[in-house]
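Structure record follows, encoded as structure tokens.
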Amino acid sequence: MAHLSLVKPLAQLRDEQQFVDEVVLDAAGVTFARGSVAELSGEASCGKTSVTLALLAQLTANGEVCAVVDSCDSLDVVSAKKSGVVLDNLLWVRCGGRLEEAFLAADMLVQAKGFGAVWLNLNGLSESKLRQVPRTYWFRYRTRIKETPTIFVVTSAVPVAGSASQRPLGFTRENSFWTGNGSFKLLSGFNLKIQPNRNHYEPPSRTRSAAEYVDA
């Protein structure tokens, strides 16, 4: 946690930069409110990580410092960089599957109050393990980031934050697109549906994720 010295005090951030109340990702049709908990849930390869990286890219490109608490060390730094994340403005905390340490690290980062976003990455954890997390943790995070510029993002296979999340979103992978013929086909992309988990009367937004292949 020695890297926390790189984080600017909240008072200094307020003097240097006027934060808008919301961060809008036009391509995905998703809006993140500052000072709130945002929960993105869904199965693997459903787009929740891509949307989170797009948020970090937008914030770090604007000079904000963000943090990732990586519970299972699943963050692909190469993908993050290709998504536009400025790695010099990103603090990466690797927890090696230790859930208790992940929540402790997230709590310390939230208390620091100098981050544009804190991403608690719970991808890769089983539903049974996620259900062991006390609901009080989420309300503590919500209370501590209130009236700060921080967006607390949690990604997981299933919804876990409950009513502590201001606007939980569920991600679903829809039809896929392939190129090539016969046995030599490559995935070119797939459509994603983003549905608010709380307000089911609100229409879902849709976006497309493209696959990129590079030479090793």
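By convention here, the chains of the structure tokens are called A, B, ... in the order presented, each chain's residues are numbered starting at 1, and ligands are numbered starting at 1 in the order presented.
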Exercise for review: Apply DSSP to the structure's backbone, then extract all residues of segment 130-178 of chain A labelled helix (DSSP H, G or I) and return them as a ChimeraX atom specification.
Suggested key: /A:130,135-145,162-164
Which residues of segment 24-108 of chain A have any atom within 8 Å of an atom in segment 143-161 of chain A when counting only C-alpha atoms, and what is the closest pair of atoms for each, with the distance in Å to one decimal? Order the rows by chain and rising number and write it as a tab-separated table.
```
residue	atom	partner	partner_atom	distance
A:Phe32	CA	A:Ile151	CA	7.2
A:Ala33	CA	A:Ile151	CA	6.8
A:Arg34	CA	A:Ile151	CA	4.9
A:Gly35	CA	A:Lys146	CA	4.6
A:Ser36	CA	A:Ile151	CA	5.7
A:Val37	CA	A:Phe152	CA	4.7
A:Ala38	CA	A:Val153	CA	4.8
A:Glu39	CA	A:Val154	CA	5.0
A:Leu40	CA	A:Thr155	CA	4.9
A:Ser41	CA	A:Ser156	CA	5.0
A:Gly42	CA	A:Ala157	CA	4.7
A:Glu43	CA	A:Ala157	CA	5.1
A:Ala44	CA	A:Ala157	CA	7.3
A:Lys48	CA	A:Thr155	CA	6.9
A:Thr49	CA	A:Thr155	CA	7.4
A:Thr52	CA	A:Val153	CA	7.7
```
Grab the residues selected above and save them as an mmCIF file, in the first residue's frame with C-alpha atoms.
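Saved file selection39.cif follows:
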```cif
data_model
loop_
_atom_site.group_PDB
_atom_site.id
_atom_site.type_symbol
_atom_site.label_atom_id
_atom_site.label_comp_id
_atom_site.auth_asym_id
_atom_site.auth_seq_id
_atom_site.Cartn_x
_atom_site.Cartn_y
_atom_site.Cartn_z
ATOM 1 C CA PHE A 32 -21.983 6.380 -13.334
ATOM 2 C CA ALA A 33 -22.859 8.740 -10.479
ATOM 3 C CA ARG A 34 -19.996 9.987 -8.346
ATOM 4 C CA GLY A 35 -20.176 9.251 -4.641
ATOM 5 C CA SER A 36 -22.156 6.056 -5.188
ATOM 6 C CA VAL A 37 -21.819 2.278 -5.479
ATOM 7 C CA ALA A 38 -22.263 0.843 -8.989
ATOM 8 C CA GLU A 39 -22.762 -2.908 -9.320
ATOM 9 C CA LEU A 40 -22.181 -4.699 -12.637
ATOM 10 C CA SER A 41 -23.065 -8.394 -12.631
ATOM 11 C CA GLY A 42 -23.229 -11.198 -15.159
ATOM 12 C CA GLU A 43 -21.531 -14.360 -16.359
ATOM 13 C CA ALA A 44 -18.053 -14.439 -17.915
ATOM 14 C CA LYS A 48 -19.060 -5.925 -17.472
ATOM 15 C CA THR A 49 -15.247 -5.827 -17.395
ATOM 16 C CA THR A 52 -15.468 -0.935 -16.245
#
```
Point to revise | Two-atom distance - atom CA of Arg98 of chain A, atom CA of Ser128 of chain A (Å) | key: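 Computed distance, atom CA of Arg98 of chain A to atom CA of Ser128 of chain A, equals 14.6 Å.
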Review point. Closest to Cys95 of chain A among A:Leu186, A:Leu109, A:Val77, A:Val69, using only C-alpha atoms?
Key: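 Between A:Leu186, A:Leu109, A:Val77, A:Val69, the residue approaching Cys95 of chain A most closely is A:Val69.
In this structure, atom CA of Cys66 of chain A sits 9.4 Å away from atom CA of Leu87 of chain A.
The space between atom CA of Val93 of chain A and atom CA of Gly124 of chain A spans 15.8 Å.
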**Study point:** Selection: 7 Å around Ser71 of chain A, only C-alpha atoms, excl. self and same-chain fewer than 6 positions, as a PyMOL selection string
**Key:** chain A and resi 94-99+102+121-122
Practice item. Would you mind telling me which residue in A:Thr31, A:Leu75, A:Gly63, A:Asp26 lies nearest to Arg167 of chain A when using only C-alpha atoms? Key: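 Closest to Arg167 of chain A, using only C-alpha atoms: A:Thr31.
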Exercise for review: Taking the DSSP assignment computed from this structure's backbone, write out as JSON, numbers by chain all residues of segment 37-215 of chain A that belong to strand (DSSP E).
Suggested key: {"A": [37, 38, 39, 40, 41, 66, 67, 68, 69, 70, 90, 91, 92, 93, 94, 117, 118, 119, 120, 121, 151, 152, 153, 154, 155, 156, 169, 170, 171, 172, 173, 174, 175, 176, 177, 178, 179, 186, 187, 188, 189, 190, 191, 192, 193, 194, 195, 196, 205, 206, 207, 208, 209, 210]}
Could you dump the residues just selected with C-alpha atoms as a PDB file, in the first residue's frame?
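After the write, out_5.pdb holds the following:
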```
ATOM      1  CA  VAL A  37     -21.819   2.278  -5.479  1.00  0.00           C
ATOM      2  CA  ALA A  38     -22.263   0.843  -8.989  1.00  0.00           C
ATOM      3  CA  GLU A  39     -22.762  -2.908  -9.320  1.00  0.00           C
ATOM      4  CA  LEU A  40     -22.181  -4.699 -12.637  1.00  0.00           C
ATOM      5  CA  SER A  41     -23.065  -8.394 -12.631  1.00  0.00           C
ATOM      6  CA  CYS A  66      -8.090   5.078  -9.942  1.00  0.00           C
ATOM      7  CA  ALA A  67      -7.620   1.813  -8.064  1.00  0.00           C
ATOM      8  CA  VAL A  68      -8.360  -1.843  -8.776  1.00  0.00           C
ATOM      9  CA  VAL A  69      -8.774  -4.331  -5.936  1.00  0.00           C
ATOM     10  CA  ASP A  70      -8.304  -7.595  -7.836  1.00  0.00           C
ATOM     11  CA  LEU A  90      -3.820   3.162 -11.834  1.00  0.00           C
ATOM     12  CA  LEU A  91      -3.140   1.457  -8.501  1.00  0.00           C
ATOM     13  CA  TRP A  92      -3.454  -2.341  -8.771  1.00  0.00           C
ATOM     14  CA  VAL A  93      -3.942  -4.336  -5.554  1.00  0.00           C
ATOM     15  CA  ARG A  94      -3.645  -8.109  -6.128  1.00  0.00           C
ATOM     16  CA  ALA A 117     -12.916   5.247  -9.037  1.00  0.00           C
ATOM     17  CA  VAL A 118     -12.269   2.195  -6.882  1.00  0.00           C
ATOM     18  CA  TRP A 119     -13.029  -1.070  -8.664  1.00  0.00           C
ATOM     19  CA  LEU A 120     -13.619  -4.114  -6.464  1.00  0.00           C
ATOM     20  CA  ASN A 121     -13.152  -6.931  -8.967  1.00  0.00           C
ATOM     21  CA  ILE A 151     -17.226   5.927  -7.983  1.00  0.00           C
ATOM     22  CA  PHE A 152     -17.148   2.547  -6.231  1.00  0.00           C
ATOM     23  CA  VAL A 153     -17.579  -0.190  -8.866  1.00  0.00           C
ATOM     24  CA  VAL A 154     -18.077  -3.848  -7.984  1.00  0.00           C
ATOM     25  CA  THR A 155     -18.152  -6.584 -10.637  1.00  0.00           C
ATOM     26  CA  SER A 156     -19.243 -10.140  -9.914  1.00  0.00           C
ATOM     27  CA  LEU A 169     -26.866  -3.381 -13.810  1.00  0.00           C
ATOM     28  CA  GLY A 170     -27.104  -6.904 -15.143  1.00  0.00           C
ATOM     29  CA  PHE A 171     -25.101  -7.847 -18.256  1.00  0.00           C
ATOM     30  CA  THR A 172     -26.123 -10.537 -20.738  1.00  0.00           C
ATOM     31  CA  ARG A 173     -24.272 -11.744 -23.823  1.00  0.00           C
ATOM     32  CA  GLU A 174     -26.602 -12.115 -26.783  1.00  0.00           C
ATOM     33  CA  ASN A 175     -25.929 -13.318 -30.354  1.00  0.00           C
ATOM     34  CA  SER A 176     -22.326 -13.776 -31.486  1.00  0.00           C
ATOM     35  CA  PHE A 177     -20.721 -12.973 -34.845  1.00  0.00           C
ATOM     36  CA  TRP A 178     -18.097 -15.087 -36.598  1.00  0.00           C
ATOM     37  CA  THR A 179     -15.808 -14.720 -39.595  1.00  0.00           C
ATOM     38  CA  LEU A 186     -12.964 -16.687 -35.565  1.00  0.00           C
ATOM     39  CA  LEU A 187     -15.184 -14.816 -33.146  1.00  0.00           C
ATOM     40  CA  SER A 188     -15.542 -11.242 -34.405  1.00  0.00           C
ATOM     41  CA  GLY A 189     -17.836  -9.929 -31.672  1.00  0.00           C
ATOM     42  CA  PHE A 190     -21.146 -10.228 -29.879  1.00  0.00           C
ATOM     43  CA  ASN A 191     -24.047  -8.061 -28.796  1.00  0.00           C
ATOM     44  CA  LEU A 192     -24.489  -7.160 -25.133  1.00  0.00           C
ATOM     45  CA  LYS A 193     -27.667  -6.291 -23.261  1.00  0.00           C
ATOM     46  CA  ILE A 194     -27.414  -4.091 -20.152  1.00  0.00           C
ATOM     47  CA  GLN A 195     -30.524  -4.262 -17.982  1.00  0.00           C
ATOM     48  CA  PRO A 196     -31.129  -2.306 -14.743  1.00  0.00           C
ATOM     49  CA  SER A 205     -29.378  -0.580 -23.455  1.00  0.00           C
ATOM     50  CA  ARG A 206     -27.443  -2.564 -26.019  1.00  0.00           C
ATOM     51  CA  THR A 207     -23.912  -2.349 -27.331  1.00  0.00           C
ATOM     52  CA  ARG A 208     -21.517  -4.500 -29.326  1.00  0.00           C
ATOM     53  CA  SER A 209     -18.171  -5.868 -28.221  1.00  0.00           C
ATOM     54  CA  ALA A 210     -15.587  -6.605 -30.906  1.00  0.00           C
TER      55      ALA A 210
END
```
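Using only C-alpha atoms, the shortest contact distance between Val133 of chain A and any of A:Pro168, A:Gly162, A:Gly180, A:Gly29 is found at A:Gly162.
Closest approach to Arg135 of chain A among A:Lys113, A:Ala61, A:Met108, A:Ser165: A:Ser165, based on only C-alpha atoms.
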Practice item. Identify, on the basis of only C-alpha atoms, every residue whose closest approach to Leu53 of chain A does not exceed 9 Å; exclude the query and any residue fewer than 6 positions from it along the same chain; express the result as a PyMOL selection string. Key: chain A and resi 79-80+83-85
Just write the chosen residues, N, CA and C atoms, as a compact mmCIF listing (two decimals), in the first residue's frame.
```txt
# COMPACT_ATOMS: atom_id res chain seq x y z
N SER A 79 -5.00 -5.79 -21.81
CA SER A 79 -6.33 -5.39 -22.25
C SER A 79 -6.70 -4.02 -21.68
N ALA A 80 -6.31 -3.77 -20.44
CA ALA A 80 -6.59 -2.47 -19.83
C ALA A 80 -5.90 -1.35 -20.61
N SER A 83 -7.54 -0.72 -23.85
CA SER A 83 -8.83 -0.04 -23.65
C SER A 83 -8.66 1.45 -23.40
N GLY A 84 -7.42 1.88 -23.23
CA GLY A 84 -7.16 3.30 -23.03
C GLY A 84 -6.85 3.69 -21.61
N VAL A 85 -6.73 2.72 -20.70
CA VAL A 85 -6.41 3.04 -19.31
C VAL A 85 -4.97 3.53 -19.21
```
